[in-house]
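Have a look at the structure below, then the notes.
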Amino acid sequence: MTVDAPFSIVDIRQLRKRYGDNEVLKGVDLDVRRGEVIAIIGKSGSGKSTLLRCINGLEEFQDGALHVDGQPLKHDDAKSMRELRQHVGMIFQGFNLFPHLTVGRNVMLAPTLVKKARPEANDQAARKLLARVGLAEKFDAWPDQLSGGQQQRVAIARALAMQPSVLLCDEITSALDPELVGEVLKVVESLADEGMTLLMVTHEMSFARRVSDRVVFMHAGRIHEIGPPEQIFDAPRTPELQQFLARSH
Amino acid sequence: MVEFSVWQILGNLLLAARWTVALSLIAFAGGGTVGLALLVARLRGWPGVATAVSAYVQVFQGTPLLIQLFLAYFGLGLFGINVSPWIAAGGALTLYASAYLAEIWRGCVDAIPRGQWEAADSLALSFGEKLRHVVAPQALRIAVAPTVGFLVQVIKGTALASIIGFVELTKTGTMITNATFRPFAVYACVALMYFALCWPVSAFSKRLERKMRRDR
C-alpha cells in the first residue's frame with residue numbers, strides 16, 4: 001500500500017461508482033492536503049454529491065481506492081469504518097438533527113457513545129462548540145424550535161464534537177431561506193480560517209471563490225477541470241465549464 | 001338444565017378470563033420478542049434475511065389464525081408429538097403476533113427519514129447505537145397506536161383457542177350455555193368481559209401517545 005502521506009489527508013484513486021448500469025463516477029482522482037479547502041461545483045447529476053458521500057462510506061464504490069489519513073476505506077469492515085468515520089465529519093443539506101434530542105444532546109450523543117467522553121467534559125465541550133457557532137443559549141432548545149440556519153449551525157457543532165480531520169459539506173445552504181445563508185457560511189469560513197480541511201459541494205459561487213484553495217468542476221462523472229478559484233472562474237478552459245459558469249450567474 | 005344466576009355466570013366467566021389474559025400475555029411477550037428479532041435481522045441487511053422474513057410474514061398474514069391453531073394442535077400430533085392446548089395456542093399465537101408486529105414495526109422504522117440513519121452513520125455510531133439512540137426512540141412514538149391496535153386484535157383472537165379445547169373466556173361461555181340454555185345472556189356477558197379487557201388497553205395507548213408527544 002502506497003500512500004502519499006503525510007501531505008494528503010484524503011486520497012482518491014480511480015474511483016468508480018455504479019447504480020446498476022448507470023455509472024455515476026467514472027474514475028475520479030483527487031488528492032486533498034491537510035488544511036485545504038476544496039469546493040466541488042457542477043450540474044446536478046454530475047456526481048459531485050456522490051463523490052462526497054463516498055468519502056465517509058455513505059455510498060459504496062465498486063472500483064478504485066480511497067484513503068483518509070492513510071487508512072483505506074473498507075465497506076465490509078464495520079470496525080474500520082467506525083474508525084474512519086471518526087475522522088470525517090459530514091453536514092447535510094437537510095440538517096438531519098435528531099428531533100427527539102435537545103440541541104445539547106444532539107451535540108453530545110456521538111462523543112458519549114463512540115468516544116466514551118466523560119459527562120462533565122462532554123457537556124463543557126458541547127457548550128463551547130455551540131458558543132462557537134453562536135448558539136450558546138440554545139443548549140436546552142429542541143431542534144424544531146430553531147430556524148433552518150440555526151439548525152444547520154447545530155449540525156456543524158455536532159460534527160465538530162467528534163474532532164474530525166476532514167469536514168464534508170453537502171450543499172449545506174441549499175435548503176435555507178436566502179437571508180439565513182450568510183450566518184451558516186460565516187461559520188464555515190471561520191472553520192476554513194482555522195485550518196480545517198473542508199470539502200464542500202456548493203452552489204454559492206462567490207463563496208467558493210472567496211474561501212476555497214482549489215475548485216473542482218465535476219462533469220459527467222469525472223473531474224473535468226480542477227485548479228485555484230481564479231483559474232476556474234476567470235479562465236475556464238473547457239466549453240462545459242464556460243457553459244456552466246455562464247448559466248450560474 | 002342447571003340454574004345459574006347472572007352473578008354465578010359472571011363469576012365463572014371472570015375466573016375463565018384469567019386464562020384469556022394469560023394467553024394474551026404469552027402472545028404479546030412471545031410475539032414481541034420474536035417480532036423484534038425478525039425486525040432487527042431484517043434491518044441488519046444480511047443477505048437473504050429480508051426475503052426470508054418477508055416470506056414468514058406472508059405465510060402468517062395470509063392464513064387464518066384458526067387454521068394456524070389447528071395445524072399447531074393437530075399437525076404436530078401427526079408426528080407423534082403430544083401437544084397440550086396450552087403449548088399449541090401459545091405457540092401459534094406467538095408466531096402469528098410476531099409476523100404482524102415485525103411488519104408493523106418495519107413500517108414505523110421505514111417512516112424515519114434516511115437522513116437520520118446517514119447522520120448517525122457519519123457520526124460513527126455502530127448499528128446497535130443507531131438503532132438504540134436514533135431510530136428506536138423516533139419509531140417507538142409512531143408505533144404505539146398501531147401496536148396497541150394489533151394487541152387488542154390478539155386479545156380477541158385468543159377466543160379461537162377455544163376450538164382446540166383451551167378453556168378460556170369463550171370456551172367457558174359455551175360450557176355455561178350448554179348447562180343453562182341461555183346463550184344470549186351468557187354470550188352478552190362474554191362480550192362484556194372482552195370489552196372490559198380491551199378498552200383499558202386502548203385507553204392506555206391514547207394516554208401514552210399524549211404523554212410521549214408532551215415529553216418528545
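Chain labels follow the order of the C-alpha cells: the first chain is A, the next B, and so on; residue numbering restarts at 1 in every chain, and ligands are counted from 1 in their shown order.
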
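Residues lying within 12 Å of Ala235 (chain A), counting only C-alpha atoms and ignoring same-chain neighbours fewer than 6 positions away, are Glu225, Ile226, Gly227, Pro228, Pro229, Leu241, Gln242 and Leu245 of chain A.
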
Please determine the contact residues of chain A with respect to chain B at a cut-off of 7 Å, counting only C-alpha atoms, and supply them as a ChimeraX atom specification. /A:56,58,82,85-86,89-90,96,98,100,110,114

Expected file contents, prior selection, N, CA and C atoms, as an mmCIF file, in the first residue's frame:
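Printed below is part13.cif as written:
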data_model
loop_
_atom_site.group_PDB
_atom_site.id
_atom_site.type_symbol
_atom_site.label_atom_id
_atom_site.label_comp_id
_atom_site.auth_asym_id
_atom_site.auth_seq_id
_atom_site.Cartn_x
_atom_site.Cartn_y
_atom_site.Cartn_z
ATOM 1 N N ASN A 56 -17.037 9.195 3.188
ATOM 2 C CA ASN A 56 -17.288 8.623 4.519
ATOM 3 C C ASN A 56 -18.131 7.351 4.429
ATOM 4 N N LEU A 58 -20.960 6.621 2.949
ATOM 5 C CA LEU A 58 -22.423 6.601 2.817
ATOM 6 C C LEU A 58 -22.815 5.974 1.488
ATOM 7 N N ARG A 82 -15.963 2.464 11.364
ATOM 8 C CA ARG A 82 -16.225 3.275 12.569
ATOM 9 C C ARG A 82 -15.015 4.147 12.882
ATOM 10 N N ARG A 85 -14.792 6.919 10.153
ATOM 11 C CA ARG A 85 -15.830 7.950 10.267
ATOM 12 C C ARG A 85 -15.583 8.905 11.430
ATOM 13 N N GLN A 86 -14.752 8.505 12.366
ATOM 14 C CA GLN A 86 -14.410 9.434 13.447
ATOM 15 C C GLN A 86 -13.513 10.556 12.941
ATOM 16 N N GLY A 89 -16.190 14.263 9.358
ATOM 17 C CA GLY A 89 -17.492 14.782 9.745
ATOM 18 C C GLY A 89 -18.295 15.113 8.505
ATOM 19 N N MET A 90 -19.621 15.109 8.636
ATOM 20 C CA MET A 90 -20.424 15.476 7.472
ATOM 21 C C MET A 90 -21.602 16.341 7.885
ATOM 22 N N ASN A 96 -30.597 17.186 9.281
ATOM 23 C CA ASN A 96 -30.631 15.863 9.911
ATOM 24 C C ASN A 96 -30.289 15.868 11.390
ATOM 25 N N PHE A 98 -31.254 15.198 15.251
ATOM 26 C CA PHE A 98 -32.124 14.184 15.836
ATOM 27 C C PHE A 98 -33.256 14.895 16.575
ATOM 28 N N HIS A 100 -35.615 14.053 18.475
ATOM 29 C CA HIS A 100 -36.043 13.616 19.805
ATOM 30 C C HIS A 100 -35.031 13.990 20.878
ATOM 31 N N ALA A 110 -22.736 11.525 19.987
ATOM 32 C CA ALA A 110 -21.667 10.709 19.391
ATOM 33 C C ALA A 110 -20.414 10.647 20.275
ATOM 34 N N VAL A 114 -19.362 6.969 21.088
ATOM 35 C CA VAL A 114 -18.228 6.476 20.304
ATOM 36 C C VAL A 114 -16.909 6.718 21.025
#

Show which residues sit within 12 Å of Gln153 (chain B), as a JSON list (two decimals) with N, CA and C atoms, in the first residue's frame. Count only C-alpha atoms, and ignore same-chain residues fewer than 3 positions away.
[["chain", "number", "residue", "atom", "x", "y", "z"],
["B", 24, "SER", "N", -53.09, -14.07, 26.27],
["B", 24, "SER", "CA", -52.76, -12.81, 25.61],
["B", 24, "SER", "C", -51.35, -12.36, 25.97],
["B", 27, "ALA", "N", -48.83, -14.31, 24.15],
["B", 27, "ALA", "CA", -48.77, -13.88, 22.75],
["B", 27, "ALA", "C", -48.04, -12.54, 22.62],
["B", 28, "PHE", "N", -48.31, -11.59, 23.54],
["B", 28, "PHE", "CA", -47.64, -10.28, 23.49],
["B", 28, "PHE", "C", -46.14, -10.45, 23.67],
["B", 65, "LEU", "N", -55.89, -17.42, 11.44],
["B", 65, "LEU", "CA", -55.35, -17.80, 12.74],
["B", 65, "LEU", "C", -55.92, -19.15, 13.19],
["B", 93, "LEU", "N", -50.16, -18.44, 18.62],
["B", 93, "LEU", "CA", -50.40, -17.00, 18.79],
["B", 93, "LEU", "C", -49.08, -16.21, 18.79],
["B", 96, "TYR", "N", -48.03, -15.97, 15.14],
["B", 96, "TYR", "CA", -48.97, -15.07, 14.47],
["B", 96, "TYR", "C", -48.67, -13.61, 14.83],
["B", 97, "ALA", "N", -48.55, -13.34, 16.13],
["B", 97, "ALA", "CA", -48.30, -11.96, 16.57],
["B", 97, "ALA", "C", -46.94, -11.47, 16.10],
["B", 100, "TYR", "N", -47.09, -10.19, 12.48],
["B", 100, "TYR", "CA", -47.75, -8.88, 12.34],
["B", 100, "TYR", "C", -46.91, -7.77, 12.96],
["B", 101, "LEU", "N", -46.36, -8.02, 14.15],
["B", 101, "LEU", "CA", -45.58, -6.96, 14.82],
["B", 101, "LEU", "C", -44.32, -6.62, 14.03],
["B", 146, "PRO", "N", -50.52, 1.75, 16.27],
["B", 146, "PRO", "CA", -50.76, 0.50, 15.54],
["B", 146, "PRO", "C", -50.44, -0.75, 16.36],
["B", 147, "THR", "N", -49.45, -0.66, 17.26],
["B", 147, "THR", "CA", -49.10, -1.83, 18.07],
["B", 147, "THR", "C", -50.24, -2.17, 19.02],
["B", 148, "VAL", "N", -50.74, -1.16, 19.72],
["B", 148, "VAL", "CA", -51.83, -1.42, 20.66],
["B", 148, "VAL", "C", -53.07, -1.87, 19.91],
["B", 149, "GLY", "N", -53.32, -1.29, 18.75],
["B", 149, "GLY", "CA", -54.45, -1.71, 17.93],
["B", 149, "GLY", "C", -54.36, -3.20, 17.63],
["B", 150, "PHE", "N", -53.15, -3.64, 17.30],
["B", 150, "PHE", "CA", -52.99, -5.06, 16.99],
["B", 150, "PHE", "C", -53.11, -5.92, 18.24],
["B", 156, "LYS", "N", -58.74, -10.45, 21.37],
["B", 156, "LYS", "CA", -59.97, -11.03, 20.84],
["B", 156, "LYS", "C", -59.69, -12.33, 20.08],
["B", 157, "GLY", "N", -58.49, -12.38, 19.47],
["B", 157, "GLY", "CA", -58.11, -13.58, 18.71],
["B", 157, "GLY", "C", -57.93, -14.82, 19.58],
["B", 158, "THR", "N", -57.65, -14.59, 20.88],
["B", 158, "THR", "CA", -57.47, -15.76, 21.75],
["B", 158, "THR", "C", -58.75, -16.58, 21.86],
["B", 159, "ALA", "N", -59.89, -15.97, 21.51],
["B", 159, "ALA", "CA", -61.16, -16.69, 21.55],
["B", 159, "ALA", "C", -61.10, -17.94, 20.67],
["B", 160, "LEU", "N", -60.32, -17.87, 19.60],
["B", 160, "LEU", "CA", -60.23, -19.00, 18.68],
["B", 160, "LEU", "C", -59.60, -20.22, 19.33],
["B", 194, "TYR", "N", -64.77, -9.24, 27.30],
["B", 194, "TYR", "CA", -63.76, -8.88, 26.30],
["B", 194, "TYR", "C", -63.60, -7.36, 26.23],
["B", 195, "PHE", "N", -64.76, -6.69, 26.28],
["B", 195, "PHE", "CA", -64.70, -5.23, 26.21],
["B", 195, "PHE", "C", -63.94, -4.68, 27.41],
["B", 197, "LEU", "N", -61.62, -6.02, 28.94],
["B", 197, "LEU", "CA", -60.19, -6.26, 28.79],
["B", 197, "LEU", "C", -59.57, -5.29, 27.77],
["B", 198, "CYS", "N", -60.28, -5.10, 26.66],
["B", 198, "CYS", "CA", -59.70, -4.36, 25.53],
["B", 198, "CYS", "C", -59.74, -2.85, 25.74],
["B", 199, "TRP", "N", -60.83, -2.39, 26.31],
["B", 199, "TRP", "CA", -61.00, -0.94, 26.40],
["B", 199, "TRP", "C", -59.88, -0.25, 27.19],
["B", 201, "VAL", "N", -56.89, -1.15, 27.53],
["B", 201, "VAL", "CA", -55.66, -1.19, 26.73],
["B", 201, "VAL", "C", -55.65, -0.03, 25.74],
["B", 202, "SER", "N", -56.78, 0.15, 25.04],
["B", 202, "SER", "CA", -56.86, 1.26, 24.08],
["B", 202, "SER", "C", -56.72, 2.61, 24.78]]

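Taking only C-alpha atoms into account, Val83 (chain B) lies nearest to B:Phe166 out of the set B:Phe204, B:Phe181, B:Phe166, B:Trp7.
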
Can you pull out every residue within 8 Å of region 33-39 of chain A, counting only C-alpha atoms, but drop anything in the same chain fewer than 2 positions away, and send it as an NGL selection string? :A and (7-10 or 31 or 41 or 192 or 195-202 or 208 or 211-216)

Emit the selected residues as a compact mmCIF listing (two decimals), in the first residue's frame, including C-alpha atoms.
# COMPACT_ATOMS: atom_id res chain seq x y z
CA PHE A 7 0.55 15.57 2.96
CA SER A 8 -2.67 14.08 1.67
CA ILE A 9 -5.49 13.62 4.10
CA VAL A 10 -7.96 12.35 1.54
CA ASP A 31 -5.71 14.36 -3.54
CA ILE A 41 -19.14 22.52 -8.35
CA ALA A 192 -11.55 27.35 6.95
CA GLY A 195 -7.22 25.38 9.18
CA MET A 196 -9.97 22.75 8.98
CA THR A 197 -9.81 20.57 5.89
CA LEU A 198 -13.05 21.13 4.04
CA LEU A 199 -14.65 19.51 1.04
CA MET A 200 -17.83 21.25 0.07
CA VAL A 201 -20.33 20.73 -2.68
CA THR A 202 -21.83 24.15 -3.21
CA ALA A 208 -16.41 29.13 -3.32
CA VAL A 211 -12.87 30.63 0.59
CA SER A 212 -11.53 27.70 -1.38
CA ASP A 213 -7.94 26.85 -2.24
CA ARG A 214 -8.97 24.71 -5.16
CA VAL A 215 -12.17 24.30 -7.11
CA VAL A 216 -13.21 21.01 -8.66

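All residues of region 62-210 of chain A that DSSP, run on the backbone, classes as strand (DSSP E or B) are Asp63, Gly64, Ala65, Leu66, His67, Val68, Gln71, Pro72, Val88, Gly89, Met90, Ile91, Val166, Leu167, Leu168, Cys169, Asp170, Thr197, Leu198, Leu199, Met200 and Val201 of chain A.
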
Would you export the selected residues with N, CA and C atoms as an mmCIF file, in the first residue's frame, please?
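Generated output (part-v9.cif):
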data_model
loop_
_atom_site.group_PDB
_atom_site.id
_atom_site.type_symbol
_atom_site.label_atom_id
_atom_site.label_comp_id
_atom_site.auth_asym_id
_atom_site.auth_seq_id
_atom_site.Cartn_x
_atom_site.Cartn_y
_atom_site.Cartn_z
ATOM 1 N N ASP A 63 -15.043 0.331 -7.606
ATOM 2 C CA ASP A 63 -13.686 0.211 -8.122
ATOM 3 C C ASP A 63 -12.846 1.383 -7.652
ATOM 4 N N GLY A 64 -11.553 1.166 -7.515
ATOM 5 C CA GLY A 64 -10.668 2.241 -7.101
ATOM 6 C C GLY A 64 -10.370 2.166 -5.615
ATOM 7 N N ALA A 65 -9.637 3.167 -5.124
ATOM 8 C CA ALA A 65 -9.246 3.151 -3.723
ATOM 9 C C ALA A 65 -9.452 4.526 -3.115
ATOM 10 N N LEU A 66 -9.728 4.541 -1.812
ATOM 11 C CA LEU A 66 -9.941 5.801 -1.109
ATOM 12 C C LEU A 66 -9.276 5.691 0.266
ATOM 13 N N HIS A 67 -8.388 6.621 0.562
ATOM 14 C CA HIS A 67 -7.736 6.628 1.865
ATOM 15 C C HIS A 67 -8.065 7.925 2.591
ATOM 16 N N VAL A 68 -8.335 7.832 3.873
ATOM 17 C CA VAL A 68 -8.467 9.017 4.711
ATOM 18 C C VAL A 68 -7.410 8.918 5.797
ATOM 19 N N GLN A 71 -5.663 5.677 6.082
ATOM 20 C CA GLN A 71 -6.415 4.424 6.260
ATOM 21 C C GLN A 71 -7.256 4.144 5.034
ATOM 22 N N PRO A 72 -7.223 2.932 4.525
ATOM 23 C CA PRO A 72 -8.080 2.605 3.397
ATOM 24 C C PRO A 72 -9.529 2.454 3.843
ATOM 25 N N VAL A 88 -13.943 11.798 9.795
ATOM 26 C CA VAL A 88 -14.640 12.506 8.727
ATOM 27 C C VAL A 88 -15.999 12.969 9.219
ATOM 28 N N GLY A 89 -16.190 14.263 9.358
ATOM 29 C CA GLY A 89 -17.492 14.782 9.745
ATOM 30 C C GLY A 89 -18.295 15.113 8.505
ATOM 31 N N MET A 90 -19.621 15.109 8.636
ATOM 32 C CA MET A 90 -20.424 15.476 7.472
ATOM 33 C C MET A 90 -21.602 16.341 7.885
ATOM 34 N N ILE A 91 -21.888 17.323 7.025
ATOM 35 C CA ILE A 91 -23.038 18.200 7.237
ATOM 36 C C ILE A 91 -23.905 18.096 5.994
ATOM 37 N N VAL A 166 -11.416 15.967 8.677
ATOM 38 C CA VAL A 166 -11.996 16.468 7.424
ATOM 39 C C VAL A 166 -13.477 16.713 7.643
ATOM 40 N N LEU A 167 -13.977 17.776 7.052
ATOM 41 C CA LEU A 167 -15.406 18.041 7.148
ATOM 42 C C LEU A 167 -15.988 18.069 5.740
ATOM 43 N N LEU A 168 -17.040 17.269 5.529
ATOM 44 C CA LEU A 168 -17.699 17.232 4.232
ATOM 45 C C LEU A 168 -18.988 18.040 4.329
ATOM 46 N N CYS A 169 -19.182 18.970 3.402
ATOM 47 C CA CYS A 169 -20.387 19.796 3.418
ATOM 48 C C CYS A 169 -21.150 19.565 2.123
ATOM 49 N N ASP A 170 -22.330 18.961 2.251
ATOM 50 C CA ASP A 170 -23.094 18.598 1.060
ATOM 51 C C ASP A 170 -24.233 19.597 0.816
ATOM 52 N N THR A 197 -9.736 21.070 7.268
ATOM 53 C CA THR A 197 -9.811 20.568 5.894
ATOM 54 C C THR A 197 -11.275 20.443 5.505
ATOM 55 N N LEU A 198 -11.640 21.094 4.431
ATOM 56 C CA LEU A 198 -13.046 21.132 4.042
ATOM 57 C C LEU A 198 -13.227 20.670 2.611
ATOM 58 N N LEU A 199 -14.214 19.815 2.403
ATOM 59 C CA LEU A 199 -14.650 19.508 1.041
ATOM 60 C C LEU A 199 -16.110 19.882 0.959
ATOM 61 N N MET A 200 -16.437 20.831 0.082
ATOM 62 C CA MET A 200 -17.834 21.247 0.069
ATOM 63 C C MET A 200 -18.402 21.280 -1.329
ATOM 64 N N VAL A 201 -19.549 20.621 -1.456
ATOM 65 C CA VAL A 201 -20.329 20.729 -2.678
ATOM 66 C C VAL A 201 -21.195 21.961 -2.507
#

Looking only at the backbone, which of the residues in region 101-195 of chain A does DSSP tag as helix (DSSP H, G or I), as a PyMOL selection string? chain A and resi 103-114+119-132+136-138+143-145+148-160+178-193

Using CA of Thr173 (chain A) and CA of Phe95 (chain A) as the two end points, give the distance in Å to one decimal.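 Result for CA of Thr173 (chain A) versus CA of Phe95 (chain A): 9.6 Å, one decimal.
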
How many Å lie between CA of Gly165 (chain B) and CA of Leu10 (chain B), rounded to one decimal?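 That distance, rounded to one decimal, is 20.8 Å.
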
Atom-to-atom span, CA of Gln163 (chain A) and CA of Lys115 (chain A), Å: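 Atom-to-atom, CA of Gln163 (chain A) to CA of Lys115 (chain A), that is 10.4 Å.
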